[in-house]
Structures are given as C-alpha cells and as structure tokens.
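J.: Please find target-v6.txt (compact mmCIF, C-alpha atoms) on the next line:
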# COMPACT_ATOMS: atom_id res chain seq x y z
CA MET A 104 124.12 82.31 80.20
CA SER A 105 127.29 80.33 80.96
CA ASN A 106 127.54 78.21 84.04
CA ASN A 107 130.26 79.82 86.13
CA GLY A 108 130.09 76.93 88.52
CA SER A 109 128.41 78.83 91.36
CA GLN A 110 124.83 79.29 90.10
CA PRO A 111 122.48 76.30 90.23
CA THR A 112 120.44 75.28 87.23
CA VAL A 113 116.75 76.05 87.35
CA THR A 114 113.70 74.76 85.52
CA VAL A 115 111.54 77.22 83.65
CA ARG A 116 108.10 75.85 82.86
CA VAL A 117 106.35 77.78 80.10
CA GLN A 118 102.80 77.30 78.97
CA ARG A 119 102.74 76.56 75.25
CA PHE A 120 99.83 76.57 72.88
CA ASN A 121 99.82 76.69 69.11
CA PRO A 122 96.18 76.81 68.00
CA ASP A 123 97.16 75.32 64.60
CA ILE A 124 98.66 72.22 66.18
CA ASP A 125 97.67 71.78 69.82
CA LYS A 126 94.29 70.76 71.17
CA LYS A 127 94.93 72.44 74.51
CA PRO A 128 97.72 74.32 76.32
CA PHE A 129 100.50 72.37 78.02
CA LEU A 130 103.57 73.13 80.11
CA GLN A 131 107.01 72.73 78.53
CA GLU A 132 110.14 72.64 80.66
CA TYR A 133 113.47 74.26 79.91
CA ARG A 134 116.68 74.12 81.94
CA LEU A 135 118.70 77.29 82.46
CA THR A 136 121.58 78.51 84.55
CA PRO A 137 120.67 82.12 85.25
CA GLN A 138 122.92 84.68 86.88
CA ARG A 139 121.85 86.36 90.09
CA ASP A 140 120.32 89.34 88.28
CA THR A 141 118.80 87.49 85.32
CA THR A 142 115.23 88.61 84.84
CA ILE A 143 112.40 86.35 83.75
CA LEU A 144 112.38 88.16 80.40
CA ASP A 145 116.10 87.45 80.04
CA ALA A 146 115.31 83.79 80.63
CA LEU A 147 112.64 83.81 77.94
CA HIS A 148 115.10 85.44 75.53
CA GLU A 149 117.65 82.74 76.38
CA ILE A 150 115.13 80.00 75.72
CA LYS A 151 114.01 81.53 72.44
CA THR A 152 117.56 82.19 71.25
CA HIS A 153 119.24 78.94 72.19
CA GLN A 154 116.61 76.31 72.91
CA ASP A 155 113.28 76.93 71.22
CA GLY A 156 112.93 79.60 68.55
CA GLY A 157 109.19 78.98 68.33
CA LEU A 158 108.46 80.34 71.81
CA THR A 159 106.22 83.39 71.38
CA TYR A 160 105.76 86.27 73.80
CA ARG A 161 105.36 90.04 73.82
CA ARG A 162 108.07 92.40 75.02
CA SER A 163 109.37 95.84 74.15
CA CYS A 164 110.98 98.38 76.46
CA ARG A 165 112.35 95.88 79.04
CA HIS A 166 112.26 98.49 81.79
CA ALA A 167 108.69 98.27 83.03
CA ILE A 168 107.14 101.19 81.20
CA CYS A 169 105.50 99.80 78.06
CA GLY A 170 103.42 97.07 79.71
CA SER A 171 103.96 94.57 76.88
CA CYS A 172 105.49 91.79 78.95
CA ALA A 173 102.74 91.31 81.54
CA MET A 174 102.43 87.58 82.23
CA ASN A 175 101.36 85.19 84.96
CA VAL A 176 104.31 83.90 86.98
CA ASN A 177 103.64 81.22 89.62
CA GLY A 178 99.99 82.26 89.68
CA ARG A 179 100.62 86.02 89.96
CA ASN A 180 100.45 88.64 87.21
CA MET A 181 103.53 90.79 86.78
CA LEU A 182 105.86 92.45 84.29
CA VAL A 183 108.63 89.96 83.63
CA CYS A 184 111.23 92.45 82.40
CA ASN A 185 112.25 93.79 85.81
CA VAL A 186 111.67 90.74 87.98
CA PRO A 187 114.68 88.59 88.99
CA LEU A 188 114.16 84.97 88.04
CA ARG A 189 115.77 83.68 91.21
CA LYS A 190 113.30 85.58 93.35
CA HIS A 191 110.42 83.51 91.97
CA LEU A 192 111.75 79.99 92.21
CA ASP A 193 109.68 77.50 94.16
CA ARG A 194 111.11 74.83 96.48
CA ARG A 195 111.92 72.65 93.50
CA ASN A 196 113.90 75.43 91.82
CA ARG A 197 111.21 75.98 89.22
CA VAL A 198 109.30 78.92 87.91
CA THR A 199 106.04 78.58 85.97
CA ILE A 200 105.15 81.16 83.35
CA ARG A 201 101.68 81.35 81.88
CA PRO A 202 99.92 83.96 79.75
CA LEU A 203 97.65 86.51 81.43
CA PRO A 204 94.58 84.58 82.64
CA TYR A 205 90.96 84.95 81.50
CA LEU A 206 91.96 86.25 78.04
CA PRO A 207 91.89 84.21 74.82
CA ILE A 208 95.32 82.86 73.90
CA ILE A 209 96.65 83.74 70.46
CA LYS A 210 99.82 81.69 70.85
CA ASP A 211 101.99 80.61 73.82
CA LEU A 212 102.26 83.66 76.10
CA VAL A 213 100.49 86.08 73.77
CA VAL A 214 96.84 86.85 74.57
CA ASP A 215 94.07 88.64 72.72
CA ARG A 216 93.59 91.98 74.48
CA SER A 217 90.66 93.16 72.34
CA SER A 218 88.17 93.22 75.22
CA PHE A 219 90.70 95.13 77.33
CA TRP A 220 91.00 97.88 74.71
CA GLU A 221 87.28 97.92 73.89
CA GLN A 222 86.41 98.64 77.53
CA TYR A 223 89.15 101.28 77.66
CA LEU A 224 87.77 103.10 74.62
CA ARG A 225 84.26 102.77 76.00
CA ILE A 226 85.02 105.27 78.78
CA LYS A 227 86.51 107.84 76.37
CA PRO A 228 89.92 108.05 78.01
CA TRP A 229 90.86 111.40 76.39
CA LEU A 230 90.42 114.81 77.93
CA ILE A 231 87.31 116.65 76.80
CA PRO A 232 88.18 120.31 77.47
CA PRO A 233 85.67 123.11 78.04
CA ASP A 234 84.75 125.56 75.30
CA ASP A 235 86.67 128.28 77.09
CA ILE A 236 90.31 127.38 76.36
CA PRO A 237 92.85 129.59 78.20
CA GLU A 238 95.48 131.61 76.37
CA LYS A 239 98.24 130.06 78.44
CA GLU A 240 97.50 127.23 80.86
CA PHE A 241 94.69 125.69 82.88
CA ARG A 242 95.32 126.77 86.45
CA MET A 243 94.99 123.58 88.44
CA SER A 244 95.87 123.54 92.12
CA PRO A 245 98.68 121.28 93.43
CA GLN A 246 96.01 119.23 95.24
CA GLU A 247 94.07 118.69 92.01
CA VAL A 248 97.24 117.57 90.23
CA ALA A 249 98.17 115.27 93.12
CA ALA A 250 94.76 113.58 93.00
CA LEU A 251 95.47 112.43 89.43
CA GLN A 252 99.10 111.46 89.77
CA ASN A 253 98.69 107.82 90.65
CA ALA A 254 96.14 107.13 87.93
CA GLU A 255 98.43 108.79 85.38
CA LYS A 256 101.15 106.23 86.12
CA CYS A 257 99.07 103.39 84.70
CA ILE A 258 100.91 101.78 81.78
CA MET A 259 97.92 99.75 80.50
CA CYS A 260 99.73 96.46 80.93
CA GLY A 261 96.55 94.46 81.57
CA ALA A 262 97.77 92.81 84.76
CA CYS A 263 94.84 94.15 86.79
CA TYR A 264 92.23 93.40 84.13
CA SER A 265 93.26 89.81 83.76
CA ALA A 266 93.54 89.27 87.52
CA CYS A 267 89.98 90.50 88.09
CA THR A 268 87.52 87.76 89.08
CA VAL A 269 84.61 89.86 87.85
CA VAL A 270 86.24 90.18 84.40
CA ALA A 271 86.65 86.41 84.39
CA THR A 272 82.93 85.89 84.90
CA ASN A 273 81.44 88.92 83.14
CA LYS A 274 82.93 90.27 79.92
CA LYS A 275 80.56 93.25 79.99
CA TYR A 276 82.33 94.58 83.09
CA ILE A 277 84.31 97.71 82.25
CA GLY A 278 87.31 96.56 84.29
CA PRO A 279 89.69 98.13 86.80
CA HIS A 280 92.02 99.59 84.15
CA ALA A 281 89.30 101.60 82.40
CA LEU A 282 87.64 102.61 85.67
CA LEU A 283 90.97 103.95 86.93
CA LYS A 284 91.32 106.04 83.76
CA ALA A 285 87.71 107.18 84.05
CA PHE A 286 88.46 108.22 87.63
CA MET A 287 91.41 110.25 86.37
CA ARG A 288 89.25 112.08 83.83
CA VAL A 289 86.33 112.60 86.22
CA LEU A 290 88.59 114.19 88.81
CA ASP A 291 90.45 116.29 86.23
CA PRO A 292 89.08 119.84 86.60
CA ARG A 293 89.92 120.51 82.95
CA ASP A 294 87.42 117.89 81.80
CA ALA A 295 84.03 119.30 80.88
CA THR A 296 82.00 116.07 80.95
CA PRO A 297 82.20 114.52 84.42
CA GLY A 298 78.45 113.94 84.46
CA GLU A 299 78.43 111.91 81.25
CA ARG A 300 81.43 109.93 82.40
CA LEU A 301 79.81 109.14 85.75
CA LYS A 302 76.63 108.10 83.95
CA GLU A 303 78.66 105.63 81.86
CA VAL A 304 80.69 104.13 84.73
CA GLY A 305 78.12 104.42 87.53
CA THR A 306 76.22 101.36 86.33
CA ASP A 307 76.12 97.64 87.07
CA GLU A 308 78.60 97.12 84.23
CA GLY A 309 80.92 99.68 85.76
CA ALA A 310 81.81 100.79 89.26
CA PHE A 311 78.88 98.98 90.87
CA ARG A 312 79.91 95.61 89.45
CA CYS A 313 83.16 95.60 91.41
CA HIS A 314 83.07 93.07 94.26
CA THR A 315 86.01 94.59 96.14
CA ILE A 316 88.18 91.53 95.70
CA PHE A 317 91.38 93.63 95.48
CA ASN A 318 93.11 91.39 92.91
CA CYS A 319 93.74 94.51 90.82
CA ILE A 320 95.80 96.13 93.56
CA ASP A 321 97.76 92.92 94.16
CA ALA A 322 98.51 92.55 90.44
CA CYS A 323 99.45 96.13 89.56
CA PRO A 324 103.20 96.40 88.88
CA LYS A 325 103.08 100.15 89.50
CA GLY A 326 101.48 99.86 92.94
CA LEU A 327 98.29 101.63 91.87
CA ASP A 328 94.93 101.32 93.59
CA PRO A 329 92.04 100.82 91.15
CA THR A 330 89.74 99.70 93.99
CA LYS A 331 90.04 103.07 95.71
CA ALA A 332 89.32 104.79 92.39
CA ILE A 333 86.25 102.61 91.90
CA GLU A 334 84.95 103.40 95.40
CA THR A 335 85.39 107.11 94.64
CA LEU A 336 83.49 106.74 91.38
CA ARG A 337 80.64 105.03 93.22
CA GLN A 338 80.38 107.89 95.69
CA LEU A 339 80.55 110.51 92.94
CA ALA A 340 78.01 108.67 90.79
CA ALA A 341 75.57 108.84 93.70
CA LYS A 342 75.84 112.65 93.72
CA ARG A 343 76.46 113.18 90.03
CA GLN A 344 74.44 116.35 89.53
CA ALA A 345 76.04 118.15 92.46
CA PHE A 346 79.47 117.14 91.17
CA GLU A 347 78.62 118.45 87.69
CA ALA A 348 77.50 121.78 89.13
CA ALA A 349 80.71 122.04 91.16
CA ARG A 350 82.76 121.33 88.02
CA ARG A 351 81.01 124.08 86.06
CA GLU A 352 81.78 126.48 88.88
CA ARG A 353 85.40 125.35 89.07
CA GLN A 354 85.95 125.80 85.37
CA LYS A 355 85.04 129.47 85.56
CA SER A 356 88.31 130.12 87.42
CA LEU A 357 90.30 127.42 85.66
CA ALA A 358 90.69 129.16 82.32
CA GLY A 359 89.72 132.74 83.06
CA PRO A 360 92.12 135.68 83.36
CA VAL A 361 94.66 135.66 86.18
CA PRO A 362 93.26 137.65 89.13
CA VAL A 363 95.17 140.89 89.62
CA SER A 364 96.69 141.12 93.11
CA GLU A 365 96.23 144.43 94.87
CA MET B 1197 91.09 81.37 89.32
CA TYR B 1198 93.46 84.11 90.48
CA LYS B 1199 93.65 83.13 94.13
CA THR B 1200 94.16 85.77 96.80
CA PRO B 1201 92.62 86.42 100.24
CA GLY B 1202 90.24 88.79 98.44
CA PHE B 1203 89.11 85.99 96.14
CA ILE B 1204 88.63 83.60 99.07
CA SER B 1205 86.58 86.27 100.85
CA PHE B 1206 84.44 86.76 97.73
CA ALA B 1207 83.95 83.02 97.25
CA LEU B 1208 82.92 82.55 100.89
CA ARG B 1209 80.52 85.48 100.60
CA ARG B 1210 78.85 83.83 97.63
CA ILE B 1211 78.73 80.38 99.22
CA THR B 1212 77.39 81.66 102.54
CA GLY B 1213 74.90 83.88 100.74
CA ILE B 1214 73.49 80.96 98.79
CA ALA B 1215 73.48 78.80 101.93
CA LEU B 1216 71.53 81.46 103.82
CA VAL B 1217 68.94 81.73 101.05
CA LEU B 1218 68.46 77.96 101.09
CA TYR B 1219 68.19 78.05 104.88
CA LEU B 1220 65.58 80.79 104.57
CA PHE B 1221 63.37 78.57 102.41
CA MET B 1222 63.67 75.74 104.95
CA HIS B 1223 62.95 78.14 107.80
CA ILE B 1224 59.83 79.47 106.10
CA TRP B 1225 58.72 75.89 105.39
CA VAL B 1226 58.97 75.02 109.09
CA ILE B 1227 57.67 78.24 110.63
CA GLY B 1228 54.93 78.61 108.04
CA SER B 1229 53.49 75.28 109.09
CA ALA B 1230 52.27 76.97 112.28
CA VAL B 1231 49.21 78.07 110.34
CA GLY B 1232 48.35 74.38 110.05
CA GLY B 1233 48.18 73.92 113.81
CA ALA B 1234 50.46 72.78 116.62
CA GLU B 1235 50.65 69.17 115.48
CA THR B 1236 51.86 70.03 111.98
CA PHE B 1237 54.31 72.57 113.30
CA ASN B 1238 55.77 70.16 115.91
CA GLU B 1239 56.03 67.41 113.30
CA ARG B 1240 58.11 69.57 110.99
CA LEU B 1241 60.19 71.02 113.81
CA ASN B 1242 61.03 67.53 115.10
CA LEU B 1243 62.52 66.69 111.70
CA PHE B 1244 65.31 69.13 112.45
CA GLN B 1245 66.07 67.92 115.97
CA GLN B 1246 68.31 65.13 114.64
CA PRO B 1247 72.01 65.41 115.63
CA ALA B 1248 73.01 65.99 112.01
CA PHE B 1249 70.89 69.13 111.92
CA LYS B 1250 72.35 70.33 115.22
CA VAL B 1251 75.79 70.14 113.65
CA ALA B 1252 74.40 71.89 110.58
CA GLU B 1253 73.20 74.67 112.89
CA VAL B 1254 76.81 75.35 113.83
CA PHE B 1255 77.68 75.67 110.13
CA LEU B 1256 74.67 77.93 109.72
CA LEU B 1257 75.98 80.11 112.55
CA ALA B 1258 79.38 80.21 110.84
CA ALA B 1259 77.75 81.23 107.56
CA VAL B 1260 75.70 84.00 109.18
CA VAL B 1261 78.65 85.32 111.14
CA TRP B 1262 81.08 85.26 108.21
CA HIS B 1263 78.57 86.89 105.85
CA ALA B 1264 77.75 89.59 108.39
CA PHE B 1265 81.30 90.48 109.38
CA ASP B 1266 82.56 90.41 105.79
CA GLY B 1267 79.67 92.61 104.79
CA ILE B 1268 80.60 95.09 107.50
CA ARG B 1269 84.17 94.99 106.26
CA LEU B 1270 82.97 95.89 102.76
CA LEU B 1271 80.93 98.78 104.13
CA ILE B 1272 84.01 100.11 105.92
CA VAL B 1273 86.17 99.73 102.80
CA SER B 1274 83.52 101.41 100.68
CA GLN B 1275 82.92 104.31 103.04
CA PHE B 1276 86.47 105.02 104.17
CA LYS B 1277 88.39 103.63 101.17
CA VAL B 1278 90.81 101.67 103.33
CA THR B 1279 92.48 99.45 100.78
CA ASP B 1280 95.99 99.45 102.28
CA THR B 1281 95.04 97.12 105.11
CA ARG B 1282 93.04 94.68 102.96
CA ALA B 1283 94.96 91.57 104.00
CA SER B 1284 94.69 92.44 107.71
CA GLN B 1285 90.97 93.09 107.30
CA PHE B 1286 90.45 89.67 105.77
CA TYR B 1287 92.28 87.88 108.60
CA ALA B 1288 90.54 90.01 111.23
CA VAL B 1289 87.14 88.97 109.83
CA LEU B 1290 88.30 85.35 109.72
CA VAL B 1291 89.41 85.39 113.37
CA LEU B 1292 86.32 87.25 114.57
CA ALA B 1293 83.99 84.91 112.71
CA ALA B 1294 85.82 81.88 114.10
CA LEU B 1295 85.61 83.19 117.68
CA VAL B 1296 81.88 83.95 117.46
CA THR B 1297 81.19 80.60 115.79
CA ILE B 1298 83.03 78.77 118.56
CA ALA B 1299 81.33 80.83 121.26
CA GLY B 1300 77.91 80.07 119.81
CA GLY B 1301 78.60 76.62 118.44
CA VAL B 1302 79.93 74.99 121.59
CA PRO B 1303 76.67 75.47 123.56
CA ILE B 1304 74.69 74.08 120.61
CA LEU B 1305 76.83 70.95 120.50
CA LEU B 1306 76.83 70.55 124.29
CA PHE B 1307 73.04 70.83 124.30
CA MET B 1308 72.88 68.14 121.65
CA LEU B 1309 75.27 65.85 123.51
CA ASN B 1310 73.28 66.25 126.73
CA GLY B 1311 70.23 64.95 124.95
CA GLY B 1312 68.48 68.27 124.71
Show this structure as structure tokens.
T.:
Amino acid sequence: MSNNGSQPTVTVRVQRFNPDIDKKPFLQEYRLTPQRDTTILDALHEIKTHQDGGLTYRRSCRHAICGSCAMNVNGRNMLVCNVPLRKHLDRRNRVTIRPLPYLPIIKDLVVDRSSFWEQYLRIKPWLIPPDDIPEKEFRMSPQEVAALQNAEKCIMCGACYSACTVVATNKKYIGPHALLKAFMRVLDPRDATPGERLKEVGTDEGAFRCHTIFNCIDACPKGLDPTKAIETLRQLAAKRQAFEAARRERQKSLAGPVPVSE
Amino acid sequence: MYKTPGFISFALRRITGIALVLYLFMHIWVIGSAVGGAETFNERLNLFQQPAFKVAEVFLLAAVVWHAFDGIRLLIVSQFKVTDTRASQFYAVLVLAALVTIAGGVPILLFMLNGG
C-alpha cells in the first residue's frame, strides 16, 4: 500500500494474544496508508506481510461466502473481507479489531468454535427424508421454497452466535445459528422429523431461552433474521403434534405420482 | 458485552425485575404488619414517609413502567414477529416509559415538597 500523497495514514489496533507468552490479551497498533477501497482483510494482510508476520487470523474466500473472517470491528461483529477500512475509522482515524467475543481465544484473532459446531450438530442440520422417495423430485410449492430461502443463505460465520448475550452467559444455549438451521429443516416439507426437531429445540436450552435481544440480526453479515425463526419455532413447538400431523399429510402429495390433469 | 439497544433493553428488564422483586418483599413486610394492629402498621409505614423514599417511589414507578411496556413490546414481537422495527420499538418504549414516569412522578415529588 504505497502512499500516493492523497490518502491519510490510519491506525489499526489489533488484539493480540499468544497463550504461550502472554498473560492476557492486549491491543497492538499498526500504521497503514490504505487506499479508498482497501478492505479490513487487506489491511490485515498488509500488516502480516510487511510489519508483523506473527499476526494470526482466519480467512479464505475473501468474498463473504465462506464465513472464515468473521471478527469484531469497533465492537461489532462482521466479515472483514468485504468491508472498506475507511468506512470504520473512528474520529481519531483508528479501527479496532478484536476476535469474535465470548469464545475462547486460540491465538490473536482466531477463536475456538467448538461450542458453535457442537450446538449445530446437536440439531441434526441434515435433511431426514421420508421413506417414500420420489422417482424424480419432491414437489415443493414456490411458497414452501421461499420460506426456506433466507435460512439457506446462512454461511455459518459465527457472527450471530458470538454476538448473543445468552450464549455469553449460558453455554448450554443452542444459539441463533443452530436454531435458524433447525427452523429451515422444520419448515422443509421434505423433512420427515419435524416433531423430533421441535422437541429438541422447543426447550429452555433452545428457542425458549432466547431473550429477544436482537444482537443476532444486527451481527448477521447476510441480513438474516434468526430472531424471527426462533419466534416461529416457539409457536410451532407449542402445537407440535398438530404440525407433525400436517407434515404427514403434506408428504403424501410431496413424493407421490403426478396427478393426471383431465 | 456486545452493546446494542436490544442489550440495553434486556439489561434494564433484568435490573427492573430484580428491583420489583425486592420492592415486593418490602411491600409485604409493611402491609403484612397490619395483622399486628394499627400501631405496628403505622410505625412501619412511617418509616417510608421520609423524602428519600418518596424519591425512591419515582424510581419504583419508572421500574414498573419500563418493565411493563418492554414486556408488552416482547409480546408484540413474539406474536407478530415484527423484528424489522426493533430499534424504533426500543425508543418508543423508552419515550413512553419516560412520559408516564414524569406524569406520575411529578405529583409524588410535589406532594413531598408540600409536606404531605
């Protein structure tokens, strides 16, 4: 990043922590001269390449689809690969980058996401199809597909999970990420086990532990709405048996032969 | 803590909830003394006629009002799944709670100042 004379220098403060050396995390400052379109990830690359090779962080696709680079910037969780650095400077021309909060730090900006994945696996995020598999396709309606579309966009970045106040205080809480995926499977007419799923998430470690704080919505880089999904799960959990019966009925037409038009 | 209006709302709900429970114990302690006769009851009630407690009553009103309106907000969010307007909801509850607290708190303070 050369200084072309027109871009001011900024200060990038990065939280560092090496568990082998440091007693506790601390902020280290670096000076950069970013271009107008330099992203925060670009800045981290610049620091690692030219100033401090020991800086450790996760990144992969660099176009906001893999979810690896979720971090906390100026107190807000976001993906740093598609966020302009200059957009997040404070009045003193600084930006502060920390790892995702409420998760154990492995090193610098890399956190231990074990609890995140454990809760995700807990809700069985794969489709459990009925015994009656169609020859060609499951005939879902456009409305049924539309109901799942937002939840399908989730890239499992962890921004919502680590922004959640309930996660911070209760590690048994399933979390907004897993509840959103559970919502997707419960509403999927191809799934044969909505009742079991609702039994798992309709508990005080699941949908009923949410305190409607909305941090998950604020943090999501894809603009998803886990809170709405959780509210839906609560309502469905309250009428689980009726929902199960309706699913069994729906699946009769989902995979059966195509009705012949007269 | 990840600080947002939603977090502030949650924190205030917790604080006001705990405050209301503590108030409830005090209230039962005072009102329950009626079984001991008028003298006992008046003695305990007079403890809370000090100006400091009159000011505390205004804070109690604020706690009740905030807790109630925020609770109604949660019921609306839960029933109608209105998450898009979450920031506006928070500020609406804040303004409404402030207005009711002022409307109820001013007479309390005036009564205290007039030696009531």
J.: Could you check how far atom CA of A:Arg353 sits from atom CA of B:Val1278, in Å to one decimal?
T.: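 Answer for the atom CA of A:Arg353 to atom CA of B:Val1278 separation: 28.2 Å.
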J.: Please identify all residues of chain A having at least one atom at most 12 Å from any atom of chain B, considering all atoms listed in the file, and return them as an MDAnalysis selection string.
T.: chainID A and resid 175:180 203:205 262:272 310:311 313:322 326:338
J.: Skipping near chain neighbours, those fewer than 2 positions away, what residues fall within 12 Å of B:His1223 using all atoms listed in the file, listed as an MDAnalysis selection string?
T.: chainID B and resid 1216:1221 1225:1230 1237 1240:1241 1244 1253 1256
J.: What gap, in Å, lies between atom CA of B:Val1261 and atom CA of A:Asp307?
T.: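 If I compute the distance from atom CA of B:Val1261 to atom CA of A:Asp307, I get 27.2 Å.
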J.: Set up a box along x, y and z of the file covering all listed atoms of stretch 320-331 of chain A, add 8 Å on every one of the six sides, and write the centre and edge lengths in Å to one decimal, as AutoDock Vina command-line options.
T.:
--center_x 96.5 --center_y 97.8 --center_z 92.3 --size_x 29.5 --size_y 26.5 --size_z 22.8
J.: Using atom CA of B:Gln1245 and atom CA of B:Phe1265 as the two end points, give the distance in Å to one decimal.
T.: 28.0 Å
J.: Just want the 8 Å neighbourhood of stretch 141-157 of chain A, counted on all atoms listed in the file, with same-chain residues fewer than 5 positions away dropped. Output as a VMD selection string.
T.: chain A and resid 104 133 135 165 172 183 to 189
J.: Out of B:Glu1235, B:Ala1264, B:Ser1284, B:Phe1307, which residue has the shortest atom-to-atom distance to B:Leu1208 when counting all atoms listed in the file?
T.: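 Once distances to B:Leu1208 are computed over all atoms listed in the file, the minimum belongs to B:Ala1264.
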J.: Would you list the contacts of stretch 1289-1305 of chain B as a short mmCIF file (atom, residue, chain, number, x, y, z; two decimals) with C-alpha atoms, in the frame of the given file, taking every protein, DNA or RNA residue within 7 Å and counting all atoms listed in the file, but skipping same-chain residues closer than 2 positions in sequence?
T.:
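To be explicit, this is the file written out as out28.cif:
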data_model
loop_
_atom_site.label_atom_id
_atom_site.label_comp_id
_atom_site.auth_asym_id
_atom_site.auth_seq_id
_atom_site.Cartn_x
_atom_site.Cartn_y
_atom_site.Cartn_z
CA LYS B 1250 72.35 70.33 115.22
CA VAL B 1251 75.79 70.14 113.65
CA VAL B 1254 76.81 75.35 113.83
CA LEU B 1257 75.98 80.11 112.55
CA ALA B 1258 79.38 80.21 110.84
CA VAL B 1261 78.65 85.32 111.14
CA TRP B 1262 81.08 85.26 108.21
CA PHE B 1265 81.30 90.48 109.38
CA ASP B 1266 82.56 90.41 105.79
CA GLN B 1285 90.97 93.09 107.30
CA PHE B 1286 90.45 89.67 105.77
CA TYR B 1287 92.28 87.88 108.60
CA PHE B 1307 73.04 70.83 124.30
CA MET B 1308 72.88 68.14 121.65
CA LEU B 1309 75.27 65.85 123.51
#
J.: Find the residue from A:Gly170, A:Ala250, A:Val115, A:Glu255 that sits nearest to A:His191; use only C-alpha atoms when measuring.
T.: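 Checking each of A:Gly170, A:Ala250, A:Val115, A:Glu255 against A:His191, counting only C-alpha atoms, the winner is A:Val115.
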J.: Considering only C-alpha atoms, return as a ChimeraX atom specification whatever protein or nucleic-acid residues lie within 12 Å of A:Arg351, sequence-local ones (same chain, fewer than 5 positions apart) excluded.
T.: /A:232-235,292-298,344-346,356-358
J.: Please tell me which residues are no farther than 8 Å from (91.6, 113.2, 80.6) in the file, counting all atoms listed in the file, and write them as a list in words.
T.: Pro228, Trp229, Leu230, Ile231, Lys284, Ala285, Met287, Arg288, Val289, Asp291, Arg293 and Asp294 of chain A
J.: Could you check the closest approach to A:Tyr160 for each of A:Glu303, A:Glu308, A:Asp211, A:Glu221 and tell me which residue wins, using all atoms listed in the file?
T.: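 Nearest to A:Tyr160: A:Asp211.
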J.: Select, from A:Lys275, A:His280, A:Lys256, A:Arg350, the residue with the minimum atom-to-atom distance to A:Ala167, counting only C-alpha atoms.
T.: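 With only C-alpha atoms as the atom set, the closest residue is A:Lys256.
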